[in-house]
$ cat coords_2.txt   # compact mmCIF, C-alpha atoms and all ligand atoms
# COMPACT_ATOMS: atom_id res chain seq x y z
CA MET A 1 -0.22 -13.01 -63.12
CA GLU A 2 1.90 -12.14 -60.06
CA LYS A 3 5.69 -12.25 -60.44
CA THR A 4 8.53 -12.27 -57.93
CA PHE A 5 12.30 -11.93 -58.01
CA LEU A 6 14.26 -14.78 -56.42
CA MET A 7 18.01 -15.20 -56.31
CA VAL A 8 20.27 -18.05 -55.24
CA LYS A 9 22.99 -16.20 -53.30
CA PRO A 10 26.74 -16.89 -53.75
CA ASP A 11 26.75 -19.47 -50.95
CA GLY A 12 23.92 -21.40 -52.62
CA VAL A 13 25.65 -21.33 -56.01
CA GLN A 14 28.97 -22.43 -54.48
CA ARG A 15 27.24 -25.30 -52.69
CA ASN A 16 25.55 -26.51 -55.91
CA LEU A 17 22.03 -25.76 -54.67
CA ILE A 18 20.70 -24.07 -57.84
CA GLY A 19 19.00 -27.24 -59.10
CA GLU A 20 17.52 -28.11 -55.71
CA ILE A 21 16.10 -24.61 -55.28
CA VAL A 22 14.73 -24.34 -58.84
CA SER A 23 13.21 -27.79 -58.40
CA ARG A 24 11.27 -26.79 -55.28
CA PHE A 25 9.56 -23.88 -57.04
CA GLU A 26 8.90 -25.98 -60.17
CA LYS A 27 7.35 -28.80 -58.15
CA LYS A 28 5.22 -26.32 -56.23
CA GLY A 29 3.68 -25.34 -59.57
CA PHE A 30 5.18 -21.91 -60.18
CA GLN A 31 6.58 -21.03 -63.58
CA LEU A 32 10.10 -19.82 -64.27
CA VAL A 33 9.85 -16.84 -66.62
CA GLY A 34 13.48 -15.65 -66.47
CA GLY A 35 16.82 -16.82 -65.13
CA LYS A 36 20.52 -16.09 -65.40
CA LEU A 37 23.81 -16.88 -63.73
CA MET A 38 25.56 -13.57 -63.19
CA SER A 39 27.96 -11.53 -61.08
CA ILE A 40 26.53 -8.54 -59.20
CA SER A 41 28.45 -5.26 -59.41
CA GLN A 42 29.03 -3.10 -56.33
CA GLU A 43 26.56 -0.55 -57.76
CA LEU A 44 23.80 -3.11 -58.37
CA ALA A 45 24.32 -4.61 -54.90
CA GLU A 46 24.03 -1.20 -53.21
CA GLU A 47 20.91 -0.40 -55.22
CA HIS A 48 19.29 -3.79 -54.64
CA TYR A 49 19.86 -3.66 -50.86
CA GLY A 50 19.35 0.14 -50.65
CA GLU A 51 16.73 -0.20 -47.90
CA HIS A 52 19.49 -1.53 -45.60
CA LYS A 53 22.01 1.26 -46.31
CA GLU A 54 22.03 2.54 -42.71
CA ARG A 55 22.18 -0.91 -41.09
CA PRO A 56 25.46 -2.04 -39.45
CA PHE A 57 25.61 -5.14 -41.66
CA PHE A 58 25.24 -3.26 -44.98
CA GLY A 59 28.96 -3.44 -45.89
CA GLU A 60 29.12 -7.15 -45.16
CA LEU A 61 25.91 -7.75 -47.09
CA VAL A 62 27.22 -5.98 -50.20
CA ASP A 63 30.61 -7.72 -49.93
CA PHE A 64 28.90 -11.10 -49.67
CA ILE A 65 26.41 -10.69 -52.51
CA THR A 66 29.24 -9.53 -54.82
CA SER A 67 31.63 -12.30 -53.69
CA GLY A 68 30.68 -14.82 -56.39
CA PRO A 69 28.07 -15.65 -59.01
CA VAL A 70 24.38 -15.60 -58.15
CA PHE A 71 21.46 -17.21 -59.99
CA ALA A 72 18.82 -14.53 -60.56
CA MET A 73 15.27 -15.64 -61.40
CA VAL A 74 11.78 -14.37 -62.04
CA TRP A 75 8.94 -16.70 -61.06
CA GLU A 76 5.28 -16.35 -61.85
CA GLY A 77 2.09 -17.69 -60.23
CA GLU A 78 -0.81 -17.03 -57.91
CA ASN A 79 0.44 -15.45 -54.65
CA VAL A 80 4.01 -16.28 -55.67
CA ILE A 81 5.53 -13.38 -53.68
CA ALA A 82 4.20 -14.47 -50.28
CA THR A 83 4.37 -18.21 -50.99
CA ALA A 84 8.00 -18.01 -52.09
CA ARG A 85 8.83 -16.19 -48.83
CA LEU A 86 7.16 -19.03 -46.90
CA MET A 87 9.12 -21.61 -48.90
CA MET A 88 12.37 -19.68 -48.17
CA GLY A 89 11.79 -19.57 -44.39
CA ALA A 90 12.83 -16.98 -41.82
CA THR A 91 15.71 -14.58 -42.60
CA ASN A 92 17.88 -16.17 -39.92
CA PRO A 93 18.30 -19.89 -40.71
CA LYS A 94 18.38 -20.65 -36.99
CA ASP A 95 14.72 -19.60 -36.86
CA ALA A 96 13.72 -21.10 -40.22
CA ALA A 97 11.50 -24.17 -40.03
CA PRO A 98 12.76 -27.50 -41.37
CA GLY A 99 11.26 -27.99 -44.82
CA THR A 100 12.01 -24.42 -45.82
CA ILE A 101 15.03 -23.61 -47.98
CA ARG A 102 16.86 -21.67 -45.26
CA GLY A 103 15.74 -24.20 -42.64
CA ASP A 104 17.12 -27.09 -44.66
CA PHE A 105 20.30 -25.55 -46.11
CA GLY A 106 21.41 -22.56 -44.02
CA ILE A 107 23.09 -21.96 -40.68
CA THR A 108 23.93 -18.25 -40.33
CA VAL A 109 22.02 -15.06 -41.16
CA GLY A 110 24.79 -13.66 -43.35
CA LYS A 111 24.79 -16.73 -45.62
CA ASN A 112 21.14 -17.63 -45.95
CA VAL A 113 21.19 -19.16 -49.46
CA ILE A 114 18.33 -17.31 -51.15
CA HIS A 115 16.82 -13.86 -51.62
CA GLY A 116 13.15 -13.22 -52.37
CA SER A 117 11.15 -10.03 -52.90
CA ASP A 118 9.09 -9.17 -49.83
CA SER A 119 6.19 -7.23 -51.45
CA PRO A 120 4.64 -6.41 -54.83
CA THR A 121 6.49 -3.07 -54.81
CA SER A 122 9.88 -4.66 -54.16
CA ALA A 123 9.17 -7.44 -56.68
CA GLU A 124 8.55 -4.90 -59.43
CA ARG A 125 11.60 -2.86 -58.45
CA GLU A 126 13.94 -5.88 -58.22
CA ILE A 127 12.74 -7.52 -61.45
CA GLY A 128 13.44 -4.17 -63.17
CA LEU A 129 16.92 -3.97 -61.64
CA PHE A 130 17.98 -7.44 -62.79
CA PHE A 131 16.04 -8.16 -65.99
CA LYS A 132 15.14 -6.44 -69.22
CA GLU A 133 11.58 -6.96 -70.41
CA GLU A 134 12.77 -9.06 -73.37
CA GLU A 135 14.59 -11.47 -71.03
CA LEU A 136 11.26 -12.66 -69.57
CA VAL A 137 9.16 -15.22 -71.43
CA ASP A 138 5.41 -15.37 -71.90
CA TYR A 139 3.69 -18.74 -71.56
CA SER A 140 0.17 -17.47 -72.23
CA LYS A 141 0.05 -18.80 -75.80
CA LEU A 142 0.67 -22.38 -74.59
CA MET A 143 -2.83 -22.51 -73.08
CA ASN A 144 -1.49 -24.63 -70.25
CA GLU A 145 -3.89 -23.57 -67.50
CA TRP A 146 -4.64 -27.23 -66.80
CA ILE A 147 -1.16 -27.76 -65.31
CA ASN A 148 -1.75 -25.95 -62.01
P1 LIG B 1 16.61 -11.06 -48.46
O1 LIG B 1 16.28 -9.59 -48.65
O2 LIG B 1 18.05 -11.38 -48.72
O3 LIG B 1 15.65 -11.95 -49.17
O4 LIG B 1 16.40 -11.42 -46.92
P2 LIG B 1 15.19 -11.01 -46.01
O5 LIG B 1 14.19 -10.18 -46.76
O6 LIG B 1 14.69 -12.26 -45.37
O7 LIG B 1 15.91 -10.14 -44.91
P3 LIG B 1 16.27 -8.58 -44.92
O8 LIG B 1 15.78 -7.99 -43.65
O9 LIG B 1 15.83 -7.95 -46.20
O10 LIG B 1 17.84 -8.60 -44.86
C1 LIG B 1 18.61 -8.75 -46.02
C2 LIG B 1 19.77 -9.67 -45.77
O11 LIG B 1 20.67 -9.04 -44.87
C3 LIG B 1 21.32 -10.02 -44.10
N1 LIG B 1 21.19 -9.70 -42.71
N2 LIG B 1 22.18 -9.75 -41.86
N3 LIG B 1 23.81 -9.56 -39.57
C4 LIG B 1 22.50 -9.35 -39.46
O12 LIG B 1 21.97 -9.12 -38.41
C5 LIG B 1 21.69 -9.41 -40.68
N4 LIG B 1 20.41 -9.15 -40.77
C6 LIG B 1 20.07 -9.34 -42.07
C7 LIG B 1 20.67 -11.36 -44.37
O13 LIG B 1 21.54 -12.12 -45.22
C8 LIG B 1 19.40 -10.98 -45.08
O14 LIG B 1 19.00 -11.98 -46.01
MG MG B 2 14.74 -8.49 -47.86

$ encode --input "coords_2.txt" --output "structure tokens"
Amino acid sequence: MEKTFLMVKPDGVQRNLIGEIVSRFEKKGFQLVGGKLMSISQELAEEHYGEHKERPFFGELVDFITSGPVFAMVWEGENVIATARLMMGATNPKDAAPGTIRGDFGITVGKNVIHGSDSPTSAEREIGLFFKEEELVDYSKLMNEWIN
């Protein structure tokens, strides 16, 4: 089953949005297979956002993501990577549709509440950066296919 890496950014944690955000993905029908409240080191931040190393906002991005605790999660479900991106909304909250997480809770691009993997390749890479295999659970033995 497809998995993605999602993270409530420091602004979302500070604004007490963890529950609201987890709730949206739960209600949609996806399954939480891993989650932890954690601080991101400078090294992890630079690795995670490595694709943006040459961009003018890279320094600010790393400073922001290391500025306070984040809530890192792995979610599982059919098409979860693309659907989670739709539920998050556009990168810049000013362009994000109402009803999306960034559209409902964000204002500026630098503080846009949530991160989500943008492809199967980045999902695999980011899950590996943030979680050990044994930190992810396996629901398959519950035989709960009837839920979704
Ligand atoms: P994310 O990686 O955080 O899920 O966001 P994203 O895919 O929607 O956007 P991406 O292009 O990967 O950019 C990563 C984060 O960099 C910040 N950003 N700032 N100042 C700017 O022009 C600018 N552009 C991007 C945003 O916080 C974005 O989430
Ligand atoms: Mg991105």

$ closest_residue --input "coords_2.txt" --among "A:Gly12, A:Ala96, A:Gln42, A:Ser23" --to "A:Ile114" --atoms "only C-alpha atoms"
A:Gly12

$ residues_near_ligand --input "coords_2.txt" --ligand "ligand LIG 1 (chain B)" --cutoff "6 Å" --atoms "all atoms listed in the file" --output "list in words"
Phe57, Leu61, Thr91, Val109, Gly110, Lys111, Asn112, His115 and Gly116 of chain A

$ closest_residue --input "coords_2.txt" --among "A:Lys132, A:Lys9, A:Arg15, A:His52" --to "ligand MG 2 (chain B)" --atoms "all atoms listed in the file"
A:His52

$ residues_near_ligand --input "coords_2.txt" --ligand "ligand MG 2 (chain B)" --cutoff "12 Å" --atoms "all atoms listed in the file" --output "list in words"
Phe5, Leu6, Met7, His48, Tyr49, Gly50, Glu51, His52, Leu61, Ile81, Arg85, Met88, Gly89, Ala90, Thr91, Asn92, Val109, Asn112, Ile114, His115, Gly116, Ser117, Asp118, Ser119, Ser122, Ala123 and Glu126 of chain A

$ write_last_selection --input "coords_2.txt" --atoms "C-alpha atoms" --output "mmCIF file, in the frame of the given file"
data_model
loop_
_atom_site.group_PDB
_atom_site.id
_atom_site.type_symbol
_atom_site.label_atom_id
_atom_site.label_comp_id
_atom_site.auth_asym_id
_atom_site.auth_seq_id
_atom_site.Cartn_x
_atom_site.Cartn_y
_atom_site.Cartn_z
ATOM 1 C CA PHE A 5 12.300 -11.930 -58.010
ATOM 2 C CA LEU A 6 14.260 -14.780 -56.420
ATOM 3 C CA MET A 7 18.010 -15.200 -56.310
ATOM 4 C CA HIS A 48 19.290 -3.790 -54.640
ATOM 5 C CA TYR A 49 19.860 -3.660 -50.860
ATOM 6 C CA GLY A 50 19.350 0.140 -50.650
ATOM 7 C CA GLU A 51 16.730 -0.200 -47.900
ATOM 8 C CA HIS A 52 19.490 -1.530 -45.600
ATOM 9 C CA LEU A 61 25.910 -7.750 -47.090
ATOM 10 C CA ILE A 81 5.530 -13.380 -53.680
ATOM 11 C CA ARG A 85 8.830 -16.190 -48.830
ATOM 12 C CA MET A 88 12.370 -19.680 -48.170
ATOM 13 C CA GLY A 89 11.790 -19.570 -44.390
ATOM 14 C CA ALA A 90 12.830 -16.980 -41.820
ATOM 15 C CA THR A 91 15.710 -14.580 -42.600
ATOM 16 C CA ASN A 92 17.880 -16.170 -39.920
ATOM 17 C CA VAL A 109 22.020 -15.060 -41.160
ATOM 18 C CA ASN A 112 21.140 -17.630 -45.950
ATOM 19 C CA ILE A 114 18.330 -17.310 -51.150
ATOM 20 C CA HIS A 115 16.820 -13.860 -51.620
ATOM 21 C CA GLY A 116 13.150 -13.220 -52.370
ATOM 22 C CA SER A 117 11.150 -10.030 -52.900
ATOM 23 C CA ASP A 118 9.090 -9.170 -49.830
ATOM 24 C CA SER A 119 6.190 -7.230 -51.450
ATOM 25 C CA SER A 122 9.880 -4.660 -54.160
ATOM 26 C CA ALA A 123 9.170 -7.440 -56.680
ATOM 27 C CA GLU A 126 13.940 -5.880 -58.220
#

$ residues_around --input "coords_2.txt" --residues "A:Leu129" --least-positions-apart "4" --cutoff "9 Å" --atoms "only C-alpha atoms" --output "ChimeraX atom specification"
/A:44,47-48,124-125

$ atom_distance --input "coords_2.txt" --atom1 "atom CA of A:Pro69" --atom2 "atom CA of A:Val13"
6.9 Å

$ closest_residue --input "coords_2.txt" --among "A:Pro93, A:Met87, A:Arg24, A:Gly59" --to "A:Phe105" --atoms "all atoms listed in the file"
A:Pro93

$ atom_distance --input "coords_2.txt" --atom1 "atom CA of A:Gly29" --atom2 "atom CA of A:Met73"
15.2 Å

$ axis_aligned_box --input "coords_2.txt" --around "stretch 31-40 of chain A" --padding-each-side "3 Å" --output "JSON"
{"center_x": 17.3, "center_y": -14.8, "center_z": -62.9, "size_x": 27.4, "size_y": 18.5, "size_z": 13.4}

$ atom_distance --input "coords_2.txt" --atom1 "atom CA of A:Val62" --atom2 "atom CA of A:Glu46"
6.5 Å

$ residues_around --input "coords_2.txt" --residues "A:Glu26" --least-positions-apart "4" --cutoff "12 Å" --atoms "all atoms listed in the file" --output "ChimeraX atom specification"
/A:19-22,30-33,75-77,80,84,147-148

$ residues_near_point --input "coords_2.txt" --point "(16.3, -17.5, -63.7)" --cutoff "7 Å" --atoms "only C-alpha atoms" --output "list in words"
Leu32, Gly34, Gly35, Lys36, Phe71, Ala72, Met73 and Val74 of chain A

$ write_last_selection --input "coords_2.txt" --atoms "C-alpha atoms" --output "PDB file, keeping the file's coordinate frame"
ATOM      1  CA  LEU A  32      10.100 -19.820 -64.270  1.00  0.00           C
ATOM      2  CA  GLY A  34      13.480 -15.650 -66.470  1.00  0.00           C
ATOM      3  CA  GLY A  35      16.820 -16.820 -65.130  1.00  0.00           C
ATOM      4  CA  LYS A  36      20.520 -16.090 -65.400  1.00  0.00           C
ATOM      5  CA  PHE A  71      21.460 -17.210 -59.990  1.00  0.00           C
ATOM      6  CA  ALA A  72      18.820 -14.530 -60.560  1.00  0.00           C
ATOM      7  CA  MET A  73      15.270 -15.640 -61.400  1.00  0.00           C
ATOM      8  CA  VAL A  74      11.780 -14.370 -62.040  1.00  0.00           C
TER       9      VAL A  74
END

$ closest_residue --input "coords_2.txt" --among "A:Asp11, A:Glu43, A:Glu78, A:Asp63" --to "A:Val113" --atoms "only C-alpha atoms"
A:Asp11

$ closest_residue --input "coords_2.txt" --among "A:Asp95, A:Lys28, A:Glu134, A:Arg102" --to "A:Asn79" --atoms "all atoms listed in the file"
A:Lys28

$ build_atoms --input "coords_2.txt" --residues "stretch 45-78 of chain A" --atoms "N, CA and C atoms" --output "CSV table (one decimal), in the coordinates of the input"
chain,number,residue,atom,x,y,z
A,45,ALA,N,24.5,-4.1,-56.3
A,45,ALA,CA,24.3,-4.6,-54.9
A,45,ALA,C,23.8,-3.5,-54.0
A,46,GLU,N,24.4,-2.3,-54.1
A,46,GLU,CA,24.0,-1.2,-53.2
A,46,GLU,C,22.6,-0.7,-53.5
A,47,GLU,N,22.3,-0.8,-54.8
A,47,GLU,CA,20.9,-0.4,-55.2
A,47,GLU,C,19.9,-1.5,-54.8
A,48,HIS,N,20.2,-2.7,-55.0
A,48,HIS,CA,19.3,-3.8,-54.6
A,48,HIS,C,19.0,-3.8,-53.1
A,49,TYR,N,20.0,-3.6,-52.3
A,49,TYR,CA,19.9,-3.7,-50.9
A,49,TYR,C,19.8,-2.3,-50.3
A,50,GLY,N,19.4,-1.3,-51.1
A,50,GLY,CA,19.4,0.1,-50.6
A,50,GLY,C,18.6,0.4,-49.4
A,51,GLU,N,17.5,-0.4,-49.1
A,51,GLU,CA,16.7,-0.2,-47.9
A,51,GLU,C,17.5,-0.5,-46.6
A,52,HIS,N,18.7,-1.2,-46.8
A,52,HIS,CA,19.5,-1.5,-45.6
A,52,HIS,C,20.7,-0.7,-45.5
A,53,LYS,N,20.8,0.4,-46.2
A,53,LYS,CA,22.0,1.3,-46.3
A,53,LYS,C,22.5,1.7,-44.9
A,54,GLU,N,21.6,2.0,-44.0
A,54,GLU,CA,22.0,2.5,-42.7
A,54,GLU,C,22.3,1.4,-41.7
A,55,ARG,N,22.0,0.2,-42.1
A,55,ARG,CA,22.2,-0.9,-41.1
A,55,ARG,C,23.7,-1.3,-40.9
A,56,PRO,N,24.0,-1.7,-39.7
A,56,PRO,CA,25.5,-2.0,-39.4
A,56,PRO,C,26.0,-3.1,-40.4
A,57,PHE,N,25.1,-4.0,-40.9
A,57,PHE,CA,25.6,-5.1,-41.7
A,57,PHE,C,25.6,-4.8,-43.2
A,58,PHE,N,25.4,-3.6,-43.5
A,58,PHE,CA,25.2,-3.3,-45.0
A,58,PHE,C,26.5,-3.6,-45.8
A,59,GLY,N,27.7,-3.2,-45.2
A,59,GLY,CA,29.0,-3.4,-45.9
A,59,GLY,C,29.2,-4.9,-46.1
A,60,GLU,N,29.0,-5.7,-45.1
A,60,GLU,CA,29.1,-7.2,-45.2
A,60,GLU,C,28.2,-7.8,-46.2
A,61,LEU,N,26.9,-7.2,-46.2
A,61,LEU,CA,25.9,-7.8,-47.1
A,61,LEU,C,26.3,-7.5,-48.6
A,62,VAL,N,26.8,-6.3,-48.8
A,62,VAL,CA,27.2,-6.0,-50.2
A,62,VAL,C,28.5,-6.8,-50.6
A,63,ASP,N,29.4,-6.9,-49.7
A,63,ASP,CA,30.6,-7.7,-49.9
A,63,ASP,C,30.2,-9.2,-50.2
A,64,PHE,N,29.3,-9.7,-49.5
A,64,PHE,CA,28.9,-11.1,-49.7
A,64,PHE,C,28.2,-11.3,-51.0
A,65,ILE,N,27.2,-10.5,-51.3
A,65,ILE,CA,26.4,-10.7,-52.5
A,65,ILE,C,27.2,-10.5,-53.8
A,66,THR,N,28.4,-9.7,-53.7
A,66,THR,CA,29.2,-9.5,-54.8
A,66,THR,C,30.4,-10.5,-54.8
A,67,SER,N,30.4,-11.5,-53.9
A,67,SER,CA,31.6,-12.3,-53.7
A,67,SER,C,31.7,-13.5,-54.7
A,68,GLY,N,30.7,-13.7,-55.4
A,68,GLY,CA,30.7,-14.8,-56.4
A,68,GLY,C,29.4,-14.8,-57.2
A,69,PRO,N,29.3,-15.7,-58.2
A,69,PRO,CA,28.1,-15.6,-59.0
A,69,PRO,C,26.8,-15.9,-58.2
A,70,VAL,N,25.7,-15.3,-58.7
A,70,VAL,CA,24.4,-15.6,-58.2
A,70,VAL,C,23.5,-16.1,-59.3
A,71,PHE,N,22.4,-16.8,-59.0
A,71,PHE,CA,21.5,-17.2,-60.0
A,71,PHE,C,20.2,-16.4,-59.8
A,72,ALA,N,20.0,-15.4,-60.7
A,72,ALA,CA,18.8,-14.5,-60.6
A,72,ALA,C,17.7,-15.1,-61.3
A,73,MET,N,16.5,-15.0,-60.8
A,73,MET,CA,15.3,-15.6,-61.4
A,73,MET,C,14.0,-14.8,-61.2
A,74,VAL,N,13.1,-14.9,-62.2
A,74,VAL,CA,11.8,-14.4,-62.0
A,74,VAL,C,10.8,-15.5,-62.1
A,75,TRP,N,9.9,-15.6,-61.1
A,75,TRP,CA,8.9,-16.7,-61.1
A,75,TRP,C,7.6,-16.1,-61.1
A,76,GLU,N,6.6,-16.8,-61.7
A,76,GLU,CA,5.3,-16.4,-61.8
A,76,GLU,C,4.3,-17.3,-61.3
A,77,GLY,N,3.2,-16.8,-60.7
A,77,GLY,CA,2.1,-17.7,-60.2
A,77,GLY,C,1.2,-17.0,-59.2
A,78,GLU,N,0.1,-17.6,-58.9
A,78,GLU,CA,-0.8,-17.0,-57.9
A,78,GLU,C,-0.1,-16.9,-56.5
